[in-house]
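Heads up, model_26.cif below (mmCIF, C-alpha atoms):
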```cif
data_protein
#
loop_
_atom_site.label_atom_id
_atom_site.label_comp_id
_atom_site.auth_asym_id
_atom_site.auth_seq_id
_atom_site.Cartn_x
_atom_site.Cartn_y
_atom_site.Cartn_z
CA MET R 1 -158.46 -84.96 -38.91
CA PRO R 2 -154.94 -86.46 -39.16
CA THR R 3 -153.88 -88.45 -36.14
CA LYS R 4 -150.50 -88.17 -34.46
CA ASN R 5 -149.33 -91.29 -36.29
CA SER R 6 -150.50 -90.01 -39.69
CA LEU R 7 -148.69 -86.69 -39.04
CA LEU R 8 -145.47 -88.60 -38.45
CA LEU R 9 -146.02 -90.51 -41.70
CA PHE R 10 -146.56 -87.24 -43.63
CA ARG R 11 -143.38 -85.78 -42.16
CA GLU R 12 -141.40 -88.88 -43.04
CA GLU R 13 -142.72 -88.65 -46.60
CA ILE R 14 -141.63 -84.99 -46.76
CA ASN R 15 -138.19 -85.96 -45.43
CA ASN R 16 -137.84 -88.53 -48.22
CA ILE R 17 -138.87 -85.97 -50.85
CA ASP R 18 -136.35 -83.45 -49.44
CA LYS R 19 -133.59 -86.05 -49.70
CA LYS R 20 -134.52 -86.65 -53.35
CA ILE R 21 -134.45 -82.88 -54.02
CA VAL R 22 -130.93 -82.61 -52.56
CA LYS R 23 -129.79 -85.60 -54.63
CA LEU R 24 -131.25 -84.05 -57.80
CA LEU R 25 -129.57 -80.71 -57.03
CA ALA R 26 -126.26 -82.55 -56.65
CA ASP R 27 -126.83 -84.33 -59.99
CA ARG R 28 -127.63 -80.95 -61.56
CA LYS R 29 -124.42 -79.44 -60.20
CA ASN R 30 -122.37 -82.30 -61.66
CA LEU R 31 -123.88 -81.52 -65.06
CA VAL R 32 -123.09 -77.82 -64.56
CA LEU R 33 -119.42 -78.76 -64.02
CA LYS R 34 -119.41 -80.68 -67.31
CA ILE R 35 -121.10 -77.75 -69.08
CA ALA R 36 -118.47 -75.36 -67.69
CA GLN R 37 -115.68 -77.58 -69.03
CA SER R 38 -117.39 -77.73 -72.42
CA LYS R 39 -117.71 -73.94 -72.53
CA ILE R 40 -114.01 -73.55 -71.77
CA GLU R 41 -113.06 -75.99 -74.54
CA ASN R 42 -115.39 -74.31 -77.05
CA ASN R 43 -114.61 -70.74 -75.94
CA GLN R 44 -118.24 -69.97 -75.04
CA ALA R 45 -119.61 -67.38 -72.61
CA ILE R 46 -120.89 -68.51 -69.21
CA ARG R 47 -124.37 -67.02 -69.49
CA ASP R 48 -127.09 -67.36 -72.08
CA ILE R 49 -129.78 -64.97 -70.86
CA GLU R 50 -132.28 -65.84 -73.59
CA ARG R 51 -132.03 -69.56 -72.81
CA GLU R 52 -132.50 -68.85 -69.09
CA LYS R 53 -135.64 -66.78 -69.79
CA LYS R 54 -137.17 -69.47 -72.01
CA MET R 55 -136.32 -72.17 -69.47
CA LEU R 56 -137.94 -70.17 -66.67
CA GLU R 57 -141.05 -69.50 -68.76
CA LYS R 58 -141.51 -73.24 -69.31
CA LEU R 59 -140.95 -73.99 -65.62
CA ILE R 60 -143.54 -71.39 -64.59
CA ILE R 61 -146.10 -72.96 -66.92
CA LEU R 62 -145.29 -76.40 -65.50
CA GLY R 63 -145.50 -74.99 -61.96
CA LYS R 64 -148.96 -73.52 -62.56
CA LYS R 65 -150.18 -76.89 -63.82
CA ASN R 66 -149.05 -78.30 -60.48
CA HIS R 67 -150.60 -75.48 -58.40
CA LEU R 68 -147.29 -73.65 -57.75
CA THR R 69 -147.21 -69.86 -58.15
CA SER R 70 -144.99 -68.11 -60.69
CA GLU R 71 -143.38 -66.10 -57.85
CA TYR R 72 -142.37 -69.29 -56.04
CA ILE R 73 -140.92 -70.92 -59.18
CA THR R 74 -139.10 -67.71 -60.16
CA ARG R 75 -137.48 -67.23 -56.72
CA LEU R 76 -136.49 -70.88 -56.50
CA PHE R 77 -134.90 -71.16 -59.93
CA GLN R 78 -133.22 -67.77 -59.80
CA LEU R 79 -131.34 -69.12 -56.78
CA ILE R 80 -130.48 -72.34 -58.63
CA ILE R 81 -129.32 -70.41 -61.72
CA GLU R 82 -127.27 -68.04 -59.57
CA GLU R 83 -125.46 -71.00 -58.00
CA SER R 84 -124.91 -72.51 -61.44
CA VAL R 85 -123.37 -69.29 -62.82
CA LEU R 86 -121.19 -68.87 -59.72
CA THR R 87 -119.91 -72.45 -60.08
CA GLN R 88 -119.02 -71.88 -63.73
CA LYS R 89 -117.32 -68.56 -62.93
CA LYS R 90 -115.11 -70.29 -60.36
CA ILE R 91 -114.03 -72.96 -62.82
CA LEU R 92 -113.34 -70.53 -65.63
CA GLN R 93 -111.42 -68.12 -63.42
CA LYS R 94 -109.38 -71.02 -62.04
CA PHE R 95 -108.62 -72.07 -65.60
CA CYS R 96 -107.49 -68.52 -66.47
CA ASP R 97 -105.65 -67.87 -63.22
CA ASN R 98 -103.95 -70.29 -60.82
CA HIS R 99 -103.87 -67.79 -57.89
CA LYS R 100 -106.29 -70.00 -55.92
CA LEU R 101 -103.45 -72.37 -55.11
CA THR R 102 -101.56 -69.76 -53.08
CA PRO R 103 -102.51 -68.42 -49.64
CA SER R 104 -103.27 -64.68 -49.56
CA SER R 105 -103.55 -62.08 -46.82
CA PHE R 106 -106.53 -59.78 -46.39
CA SER R 107 -106.80 -56.50 -44.50
CA PHE R 108 -110.21 -55.44 -43.19
CA LEU R 109 -111.86 -53.23 -40.60
CA GLY R 110 -111.56 -55.42 -37.52
CA PRO R 111 -111.41 -57.03 -35.04
CA LYS R 112 -112.58 -60.55 -35.86
CA GLY R 113 -116.34 -60.89 -36.02
CA SER R 114 -116.88 -57.64 -37.94
CA TYR R 115 -118.87 -57.79 -41.18
CA SER R 116 -115.70 -56.89 -43.08
CA HIS R 117 -114.02 -59.91 -41.49
CA ILE R 118 -116.93 -62.11 -42.62
CA ALA R 119 -116.69 -60.66 -46.16
CA ALA R 120 -112.92 -61.27 -46.30
CA TYR R 121 -113.30 -64.91 -45.28
CA GLU R 122 -116.20 -65.49 -47.67
CA TYR R 123 -114.31 -63.98 -50.61
CA ALA R 124 -111.13 -65.89 -49.75
CA ASP R 125 -113.08 -69.15 -49.44
CA ARG R 126 -114.41 -68.70 -52.97
CA ASN R 127 -111.15 -67.65 -54.58
CA PHE R 128 -108.13 -68.81 -52.57
CA GLN R 129 -106.77 -71.84 -50.78
CA LYS R 130 -106.05 -70.04 -47.52
CA CYS R 131 -106.91 -66.68 -45.93
CA ILE R 132 -104.43 -64.85 -43.70
CA THR R 133 -106.10 -61.97 -41.87
CA ASN R 134 -104.88 -58.53 -40.89
CA GLU R 135 -107.16 -56.54 -38.58
CA CYS R 136 -107.17 -52.75 -39.04
CA SER R 137 -108.75 -49.97 -36.98
CA THR R 138 -109.74 -47.60 -39.84
CA PHE R 139 -110.64 -47.79 -43.53
CA GLU R 140 -107.56 -45.74 -44.37
CA GLU R 141 -105.37 -48.22 -42.49
CA VAL R 142 -106.92 -51.07 -44.52
CA ILE R 143 -105.81 -49.42 -47.77
CA LEU R 144 -102.37 -48.38 -46.48
CA SER R 145 -101.59 -51.94 -45.37
CA VAL R 146 -101.93 -53.14 -48.98
CA GLU R 147 -100.17 -50.13 -50.47
CA ASN R 148 -97.25 -50.81 -48.11
CA ASN R 149 -97.15 -54.56 -48.96
CA GLN R 150 -98.29 -55.64 -45.48
CA SER R 151 -101.26 -57.46 -47.05
CA ASP R 152 -102.23 -58.68 -50.49
CA TYR R 153 -105.84 -57.49 -50.55
CA ALA R 154 -108.01 -54.84 -48.91
CA VAL R 155 -111.69 -55.55 -48.20
CA LEU R 156 -113.91 -52.49 -47.84
CA PRO R 157 -117.69 -51.93 -47.66
CA ILE R 158 -118.82 -49.53 -50.36
CA GLU R 159 -122.63 -49.49 -50.18
CA ASN R 160 -125.57 -50.86 -48.23
CA THR R 161 -129.19 -51.37 -49.27
CA CYS R 162 -130.41 -49.52 -46.16
CA SER R 163 -127.91 -46.69 -45.68
CA GLY R 164 -126.61 -46.20 -49.22
CA SER R 165 -123.04 -45.44 -50.28
CA ILE R 166 -120.25 -45.28 -47.71
CA ASN R 167 -118.72 -41.88 -48.46
CA GLU R 168 -115.58 -42.41 -46.41
CA VAL R 169 -114.59 -45.32 -48.65
CA LEU R 170 -115.52 -43.46 -51.84
CA ASN R 171 -113.22 -40.60 -50.78
CA LEU R 172 -110.31 -42.99 -50.24
CA LEU R 173 -110.68 -44.49 -53.73
CA LYS R 174 -109.75 -41.21 -55.39
CA ASN R 175 -106.21 -41.11 -54.00
CA THR R 176 -105.22 -44.76 -53.67
CA ASN R 177 -103.13 -46.51 -56.34
CA LEU R 178 -104.94 -49.81 -55.68
CA TYR R 179 -107.41 -51.38 -58.12
CA ILE R 180 -110.78 -53.02 -57.52
CA VAL R 181 -110.30 -56.68 -58.48
CA GLY R 182 -113.41 -58.23 -56.94
CA GLU R 183 -116.64 -57.69 -55.07
CA ILE R 184 -118.87 -59.69 -52.75
CA ASN R 185 -122.35 -59.13 -51.34
CA ILE R 186 -122.94 -60.06 -47.72
CA PHE R 187 -126.35 -60.37 -46.07
CA ILE R 188 -126.24 -58.26 -42.92
CA ASN R 189 -128.22 -59.61 -39.98
CA HIS R 190 -127.84 -56.96 -37.28
CA CYS R 191 -128.41 -58.42 -33.80
CA LEU R 192 -128.72 -56.73 -30.43
CA LEU R 193 -126.20 -58.47 -28.19
CA ALA R 194 -125.52 -58.43 -24.45
CA ILE R 195 -123.47 -60.38 -21.91
CA LYS R 196 -126.68 -61.73 -20.34
CA LYS R 197 -130.31 -62.05 -21.34
CA ILE R 198 -132.01 -58.79 -20.39
CA ALA R 199 -135.30 -57.03 -21.20
CA LEU R 200 -134.82 -54.35 -23.86
CA HIS R 201 -136.27 -51.57 -21.69
CA LYS R 202 -133.57 -52.22 -19.08
CA ILE R 203 -130.72 -51.50 -21.51
CA LYS R 204 -128.97 -48.17 -20.91
CA THR R 205 -126.15 -47.97 -23.49
CA VAL R 206 -125.75 -49.44 -26.98
CA TYR R 207 -122.39 -49.58 -28.79
CA SER R 208 -121.70 -50.00 -32.51
CA HIS R 209 -120.20 -48.52 -35.67
CA PRO R 210 -122.26 -45.58 -37.07
CA GLN R 211 -123.44 -47.63 -40.09
CA PRO R 212 -125.50 -50.22 -38.12
CA PHE R 213 -127.21 -47.42 -36.17
CA GLN R 214 -128.17 -45.83 -39.49
CA GLN R 215 -129.32 -49.14 -40.98
CA CYS R 216 -131.39 -49.98 -37.85
CA SER R 217 -132.72 -46.46 -37.21
CA ASN R 218 -136.39 -47.55 -37.13
CA PHE R 219 -135.65 -50.04 -34.36
CA ILE R 220 -133.43 -47.62 -32.41
CA LYS R 221 -136.14 -44.91 -32.45
CA GLN R 222 -138.35 -47.18 -30.35
CA PHE R 223 -135.95 -46.72 -27.41
CA PRO R 224 -135.18 -42.99 -27.07
CA GLU R 225 -133.86 -43.57 -23.54
CA TRP R 226 -130.87 -45.53 -24.84
CA THR R 227 -127.47 -43.82 -24.92
CA ILE R 228 -125.74 -44.37 -28.26
CA LYS R 229 -121.96 -44.89 -28.31
CA TYR R 230 -120.03 -45.05 -31.60
CA THR R 231 -117.14 -47.50 -32.05
CA LYS R 232 -114.59 -48.18 -34.80
CA SER R 233 -116.42 -51.37 -35.89
CA THR R 234 -119.19 -53.73 -34.80
CA ALA R 235 -116.57 -56.16 -33.52
CA ASP R 236 -115.00 -53.36 -31.49
CA ALA R 237 -118.42 -52.76 -29.93
CA MET R 238 -118.73 -56.43 -28.98
CA LYS R 239 -115.26 -56.41 -27.45
CA LYS R 240 -116.12 -53.33 -25.39
CA ILE R 241 -119.26 -54.71 -23.78
CA THR R 242 -117.41 -57.96 -23.03
CA LYS R 243 -114.61 -55.98 -21.39
CA TYR R 244 -116.94 -53.67 -19.42
CA ASN R 245 -119.03 -56.66 -18.26
CA GLU R 246 -122.04 -54.44 -17.52
CA THR R 247 -125.44 -56.13 -17.92
CA THR R 248 -127.16 -52.91 -19.07
CA ASN R 249 -124.75 -52.52 -22.01
CA ALA R 250 -125.57 -53.89 -25.47
CA ALA R 251 -124.03 -53.89 -28.94
CA LEU R 252 -125.28 -54.02 -32.50
CA GLY R 253 -123.28 -56.76 -34.19
CA SER R 254 -123.29 -60.00 -36.14
CA GLU R 255 -124.59 -63.41 -35.13
CA ILE R 256 -121.12 -64.86 -35.85
CA GLY R 257 -119.63 -62.17 -33.61
CA SER R 258 -121.90 -63.22 -30.76
CA LYS R 259 -120.32 -66.69 -30.87
CA ILE R 260 -116.77 -65.29 -31.03
CA TYR R 261 -117.28 -63.04 -27.99
CA GLY R 262 -119.68 -65.28 -26.06
CA LEU R 263 -122.62 -62.86 -26.13
CA ASN R 264 -126.36 -63.45 -25.93
CA ILE R 265 -128.65 -62.47 -28.81
CA LEU R 266 -131.53 -60.38 -27.45
CA THR R 267 -133.19 -59.84 -30.85
CA LYS R 268 -132.15 -60.08 -34.51
CA ASN R 269 -132.98 -58.91 -38.06
CA LEU R 270 -133.12 -55.27 -36.97
CA ALA R 271 -132.39 -53.48 -40.28
CA ASN R 272 -134.91 -51.07 -41.78
CA LYS R 273 -135.17 -53.27 -44.88
CA GLU R 274 -135.74 -57.02 -44.93
CA LYS R 275 -132.92 -57.52 -47.45
CA ASN R 276 -130.08 -55.69 -45.75
CA ILE R 277 -127.09 -56.35 -47.99
CA THR R 278 -123.67 -54.73 -47.96
CA ARG R 279 -121.54 -54.75 -51.08
CA PHE R 280 -117.82 -55.09 -50.36
CA ILE R 281 -115.03 -54.38 -52.84
CA VAL R 282 -111.65 -56.12 -52.90
CA LEU R 283 -108.58 -54.02 -53.76
CA HIS R 284 -105.14 -55.12 -54.97
CA ARG R 285 -101.91 -53.45 -56.04
CA GLU R 286 -102.23 -54.72 -59.62
CA SER R 287 -105.22 -54.61 -61.96
CA LYS R 288 -106.68 -57.88 -63.17
CA LYS R 289 -107.39 -59.05 -66.71
CA ILE R 290 -110.76 -60.77 -66.79
CA SER R 291 -111.83 -63.33 -69.38
CA GLU R 292 -114.47 -61.97 -71.75
CA LYS R 293 -116.55 -65.08 -71.02
CA ILE R 294 -117.06 -64.01 -67.39
CA PRO R 295 -119.78 -61.45 -66.46
CA THR R 296 -117.69 -58.37 -65.75
CA LYS R 297 -118.06 -54.93 -64.24
CA THR R 298 -115.90 -51.83 -64.77
CA THR R 299 -116.00 -48.99 -62.24
CA LEU R 300 -114.80 -45.48 -62.95
CA MET R 301 -114.97 -42.12 -61.20
CA PHE R 302 -114.98 -38.67 -62.75
CA SER R 303 -115.80 -35.03 -62.09
CA THR R 304 -117.20 -32.57 -64.60
CA GLY R 305 -116.33 -29.37 -62.78
CA GLN R 306 -119.25 -26.99 -63.00
CA GLU R 307 -119.72 -27.60 -66.71
CA SER R 308 -123.43 -27.56 -67.53
CA GLY R 309 -124.68 -30.72 -69.24
CA ALA R 310 -121.39 -32.62 -68.87
CA LEU R 311 -122.93 -35.50 -66.91
CA ALA R 312 -125.70 -35.87 -69.48
CA ALA R 313 -123.03 -35.98 -72.19
CA VAL R 314 -121.20 -38.82 -70.38
CA LEU R 315 -124.42 -40.82 -70.02
CA LEU R 316 -125.21 -40.21 -73.69
CA ILE R 317 -121.84 -41.71 -74.67
CA LEU R 318 -122.65 -44.87 -72.70
CA GLN R 319 -126.09 -45.02 -74.30
CA GLU R 320 -124.69 -44.61 -77.81
CA LYS R 321 -122.25 -47.46 -77.16
CA LYS R 322 -125.11 -49.54 -75.69
CA LEU R 323 -123.14 -49.97 -72.47
CA ILE R 324 -125.30 -50.90 -69.48
CA MET R 325 -124.83 -48.65 -66.44
CA LYS R 326 -125.50 -50.70 -63.30
CA LYS R 327 -125.18 -47.87 -60.80
CA ILE R 328 -124.27 -44.20 -60.51
CA THR R 329 -123.36 -42.47 -57.26
CA SER R 330 -122.39 -38.89 -56.61
CA GLN R 331 -120.91 -36.92 -53.73
CA THR R 332 -119.78 -33.36 -53.20
CA VAL R 333 -116.10 -32.74 -53.84
CA TYR R 334 -114.20 -31.99 -50.62
CA LYS R 335 -113.62 -28.22 -50.14
CA ASN R 336 -115.78 -27.45 -53.20
CA PRO R 337 -119.50 -27.75 -52.38
CA TRP R 338 -120.50 -26.70 -55.91
CA GLU R 339 -118.74 -29.61 -57.61
CA GLU R 340 -119.62 -33.31 -57.61
CA MET R 341 -117.64 -36.53 -58.09
CA PHE R 342 -119.47 -39.34 -59.88
CA TYR R 343 -118.91 -43.10 -59.54
CA ILE R 344 -120.29 -45.39 -62.26
CA ASP R 345 -120.48 -49.19 -62.45
CA ILE R 346 -120.76 -50.37 -66.05
CA GLN R 347 -121.58 -53.93 -67.10
CA VAL R 348 -118.68 -54.33 -69.51
CA ASN R 349 -115.14 -55.66 -69.73
CA LEU R 350 -112.55 -52.86 -69.67
CA SER R 351 -110.66 -54.49 -72.55
CA SER R 352 -113.63 -54.30 -74.94
CA LEU R 353 -113.28 -51.94 -77.91
CA LEU R 354 -116.62 -50.29 -77.07
CA MET R 355 -115.46 -49.43 -73.57
CA GLN R 356 -112.06 -48.18 -74.72
CA ASP R 357 -113.69 -45.90 -77.27
CA ALA R 358 -116.18 -44.64 -74.68
CA LEU R 359 -113.37 -43.85 -72.22
CA LYS R 360 -111.54 -41.75 -74.81
CA LYS R 361 -114.66 -39.66 -75.37
CA ILE R 362 -115.47 -39.36 -71.66
CA ASN R 363 -111.92 -38.26 -70.89
CA LYS R 364 -112.28 -35.31 -73.29
CA ILE R 365 -115.37 -33.89 -71.57
CA THR R 366 -114.49 -34.46 -67.91
CA LYS R 367 -112.26 -32.48 -65.58
CA PHE R 368 -110.93 -35.63 -63.87
CA MET R 369 -111.36 -39.34 -64.65
CA LYS R 370 -109.96 -42.48 -63.03
CA ILE R 371 -110.58 -46.17 -63.76
CA LEU R 372 -111.02 -47.87 -60.39
CA GLY R 373 -111.03 -51.43 -61.68
CA CYS R 374 -112.40 -54.21 -63.85
CA TYR R 375 -113.57 -57.35 -62.04
CA PRO R 376 -116.00 -60.30 -62.09
CA SER R 377 -119.53 -59.12 -61.36
CA GLU R 378 -121.04 -60.54 -58.18
CA ASN R 379 -124.55 -59.40 -58.95
CA ILE R 380 -126.58 -61.70 -61.15
CA ALA R 381 -129.48 -59.88 -62.75
CA PRO R 382 -132.94 -61.28 -61.92
CA ILE R 383 -134.55 -63.17 -64.76
CA ILE R 384 -138.17 -62.08 -65.16
CA PRO R 385 -139.98 -63.73 -68.07
#
```
File written out as structure tokens:
Amino acid sequence: MPTKNSLLLFREEINNIDKKIVKLLADRKNLVLKIAQSKIENNQAIRDIEREKKMLEKLIILGKKNHLTSEYITRLFQLIIEESVLTQKKILQKFCDNHKLTPSSFSFLGPKGSYSHIAAYEYADRNFQKCITNECSTFEEVILSVENNQSDYAVLPIENTCSGSINEVLNLLKNTNLYIVGEINIFINHCLLAIKKIALHKIKTVYSHPQPFQQCSNFIKQFPEWTIKYTKSTADAMKKITKYNETTNAALGSEIGSKIYGLNILTKNLANKEKNITRFIVLHRESKKISEKIPTKTTLMFSTGQESGALAAVLLILQEKKLIMKKITSQTVYKNPWEEMFYIDIQVNLSSLLMQDALKKINKITKFMKILGCYPSENIAPIIP
């Protein structure tokens, strides 16, 4: 049995190995920067999926020889590859567009501490030198602030892995003249917050935006005695319980929000799914031309009326053009329950000849069609050998 002294020696050895791993990751990133520069000079695409698959296959074989599971190696190197691709995307986009040097303003569903606020800051940190924030009380106000030149960009949640698409935002996209120019995925860690530490069974009222209640429904069902109060945002909920200063009040909100409003975390990770991720879109007054070397997504919306087989015809066009559909969402058209509006994310650059030809054909068989935007794809497909 290891003694206390031998345990300390083992831990020190692990610490030294961890330091070497960090140093090697830094060395790897420096090489990635050189590779990115080489790709720019030689006009090469960022990703080489086949190379990534072969590399991962070799690493899995090496891992098994050293008693490491294929799942562990796959998860680890998918994360490393994702960081590598993101680094190269930043460099290439900076080369194509010098907007990073200028400060930009972002409107979001506020106040500060909301998940939209976190998404705005994260996106700005990746793409701009400085982020100026504009807190809004509704999704519609977020869009109007950009349409009216009060802000440069609008940040809106569009879907969540637990609760699905956010219909209110989808409805707004039909009528706005803004374009989707970016997206960002944010891990959502819903926490139950209160002004003081208190047993859960003593809580009487819980405040939050409707989405967190939906995403944490399994947890909420355990406490049927709680009174549920809806607010404009999670940050608004945190502000309310701070203002009311009642120990039996609680809010569903973010861990960052708890620090902003000085609240105690009673419990965390409350979502129905372990990976609770919200996808946010970034809107701007002008569309963006994206380099063909950057992984790109085009989003469009259309309705087919009540024409039988029209949706199948649209999907067949995409299949014939070998265009990869990443996601399709539908919702009932307002005031017409027999008609649906469809939203499709396609893994393609809008400027490609294949996409342009597909759009011409789709336009002929749909009642209404609108291109919502073309933008760098945030999602990096998992590489399974």
Subject >> Nearest residue to Thr329 of chain R from the set R:Ser165, R:Asn16, R:Gln356, R:Asn349 (distances using all atoms listed in the file) >> reply: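 Residue with the minimum atom-to-atom distance to Thr329 of chain R: R:Ser165.
For the choices R:Leu193, R:Val169, R:Ile35, R:Leu283, the atom-to-atom distance to Glu147 of chain R is smallest for R:Leu283 when using only C-alpha atoms.
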Would you list the contacts of Leu25 of chain R as a PDB file with C-alpha atoms, in the frame of the given file, taking every protein, DNA or RNA residue within 9 Å and counting only C-alpha atoms, but skipping same-chain residues closer than 5 positions in sequence?
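Printed below is selection_24.pdb as written:
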```
ATOM      1  CA  LYS R  20    -134.520 -86.650 -53.350  1.00  0.00           C
ATOM      2  CA  ASN R  30    -122.370 -82.300 -61.660  1.00  0.00           C
ATOM      3  CA  ILE R  80    -130.480 -72.340 -58.630  1.00  0.00           C
TER       4      ILE R  80
END
```
**OP:** Find the distance between atom CA of Leu192 of chain R and atom CA of Val155 of chain R and write it in Å to one decimal.
**Re:** 24.6 Å
Given the file shown, determine the residues that the PyMOL selection byres ((chain R and resi 218) around 12) selects; report them as an mmCIF file with C-alpha atoms, in the coordinates of the input.
```
data_model
loop_
_atom_site.group_PDB
_atom_site.id
_atom_site.type_symbol
_atom_site.label_atom_id
_atom_site.label_comp_id
_atom_site.auth_asym_id
_atom_site.auth_seq_id
_atom_site.Cartn_x
_atom_site.Cartn_y
_atom_site.Cartn_z
ATOM 1 C CA CYS R 162 -130.410 -49.520 -46.160
ATOM 2 C CA PRO R 212 -125.500 -50.220 -38.120
ATOM 3 C CA PHE R 213 -127.210 -47.420 -36.170
ATOM 4 C CA GLN R 214 -128.170 -45.830 -39.490
ATOM 5 C CA GLN R 215 -129.320 -49.140 -40.980
ATOM 6 C CA CYS R 216 -131.390 -49.980 -37.850
ATOM 7 C CA SER R 217 -132.720 -46.460 -37.210
ATOM 8 C CA PHE R 219 -135.650 -50.040 -34.360
ATOM 9 C CA ILE R 220 -133.430 -47.620 -32.410
ATOM 10 C CA LYS R 221 -136.140 -44.910 -32.450
ATOM 11 C CA GLN R 222 -138.350 -47.180 -30.350
ATOM 12 C CA PHE R 223 -135.950 -46.720 -27.410
ATOM 13 C CA PRO R 224 -135.180 -42.990 -27.070
ATOM 14 C CA ASN R 269 -132.980 -58.910 -38.060
ATOM 15 C CA LEU R 270 -133.120 -55.270 -36.970
ATOM 16 C CA ALA R 271 -132.390 -53.480 -40.280
ATOM 17 C CA ASN R 272 -134.910 -51.070 -41.780
ATOM 18 C CA LYS R 273 -135.170 -53.270 -44.880
#
```
Original post:
What is the atom CA of Thr247 of chain R to atom CA of Pro111 of chain R distance in Å?
Top reply: 22.2 Å
Subject >> Target residues per the PyMOL selection byres ((chain R and resi 260) around 10), formatted as JSON, numbers by chain >> reply: {"R": [112, 113, 235, 238, 239, 254, 255, 256, 257, 258, 259, 261, 262, 263]}
Dump of C-alpha atoms for the selected residues, as a PDB file, in the frame of the given file:
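Once written, again_18.pdb looks like this:
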```
ATOM      1  CA  LYS R 112    -112.580 -60.550 -35.860  1.00  0.00           C
ATOM      2  CA  GLY R 113    -116.340 -60.890 -36.020  1.00  0.00           C
ATOM      3  CA  ALA R 235    -116.570 -56.160 -33.520  1.00  0.00           C
ATOM      4  CA  MET R 238    -118.730 -56.430 -28.980  1.00  0.00           C
ATOM      5  CA  LYS R 239    -115.260 -56.410 -27.450  1.00  0.00           C
ATOM      6  CA  SER R 254    -123.290 -60.000 -36.140  1.00  0.00           C
ATOM      7  CA  GLU R 255    -124.590 -63.410 -35.130  1.00  0.00           C
ATOM      8  CA  ILE R 256    -121.120 -64.860 -35.850  1.00  0.00           C
ATOM      9  CA  GLY R 257    -119.630 -62.170 -33.610  1.00  0.00           C
ATOM     10  CA  SER R 258    -121.900 -63.220 -30.760  1.00  0.00           C
ATOM     11  CA  LYS R 259    -120.320 -66.690 -30.870  1.00  0.00           C
ATOM     12  CA  TYR R 261    -117.280 -63.040 -27.990  1.00  0.00           C
ATOM     13  CA  GLY R 262    -119.680 -65.280 -26.060  1.00  0.00           C
ATOM     14  CA  LEU R 263    -122.620 -62.860 -26.130  1.00  0.00           C
TER      15      LEU R 263
END
```
Original post:
Taking all atoms listed in the file into account, which of R:Ile290, R:Ile281, R:Ala26, R:Ile118 comes nearest Thr234 of chain R?
Top reply: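 Nearest candidate to Thr234 of chain R out of R:Ile290, R:Ile281, R:Ala26, R:Ile118: R:Ile118.
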**OP:** Using only C-alpha atoms, find the one residue out of R:Ser352, R:Thr267, R:Val85, R:Met55 that sits nearest to Ile73 of chain R.
**Re:**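 Closest residue, counting only C-alpha atoms: R:Met55.
Note that the spacing between atom CA of Ile166 of chain R and atom CA of Asp236 of chain R amounts to 18.9 Å.
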Would you kindly place N, CA and C atoms on segment 172-183 of chain R and return the model as a compact mmCIF listing (two decimals), in the frame of the given file?
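selection.txt, freshly written:
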```txt
# COMPACT_ATOMS: atom_id res chain seq x y z
N LEU R 172 -111.63 -42.34 -50.24
CA LEU R 172 -110.31 -42.99 -50.24
C LEU R 172 -109.94 -43.52 -51.62
N LEU R 173 -110.95 -43.90 -52.42
CA LEU R 173 -110.68 -44.49 -53.73
C LEU R 173 -110.05 -43.49 -54.70
N LYS R 174 -110.28 -42.21 -54.48
CA LYS R 174 -109.75 -41.21 -55.39
C LYS R 174 -108.22 -41.16 -55.35
N ASN R 175 -107.64 -41.32 -54.17
CA ASN R 175 -106.21 -41.11 -54.00
C ASN R 175 -105.37 -42.38 -53.94
N THR R 176 -106.00 -43.53 -53.76
CA THR R 176 -105.22 -44.76 -53.67
C THR R 176 -104.74 -45.22 -55.06
N ASN R 177 -103.62 -45.94 -55.07
CA ASN R 177 -103.13 -46.51 -56.34
C ASN R 177 -103.53 -47.98 -56.48
N LEU R 178 -104.45 -48.43 -55.61
CA LEU R 178 -104.94 -49.81 -55.68
C LEU R 178 -106.08 -49.91 -56.71
N TYR R 179 -106.35 -51.13 -57.15
CA TYR R 179 -107.41 -51.38 -58.12
C TYR R 179 -108.48 -52.30 -57.51
N ILE R 180 -109.72 -52.08 -57.90
CA ILE R 180 -110.78 -53.02 -57.52
C ILE R 180 -110.62 -54.27 -58.39
N VAL R 181 -110.47 -55.43 -57.74
CA VAL R 181 -110.30 -56.68 -58.48
C VAL R 181 -111.42 -57.69 -58.18
N GLY R 182 -112.33 -57.32 -57.27
CA GLY R 182 -113.41 -58.23 -56.94
C GLY R 182 -114.46 -57.54 -56.09
N GLU R 183 -115.58 -58.19 -55.94
CA GLU R 183 -116.64 -57.69 -55.07
C GLU R 183 -117.39 -58.88 -54.48
```
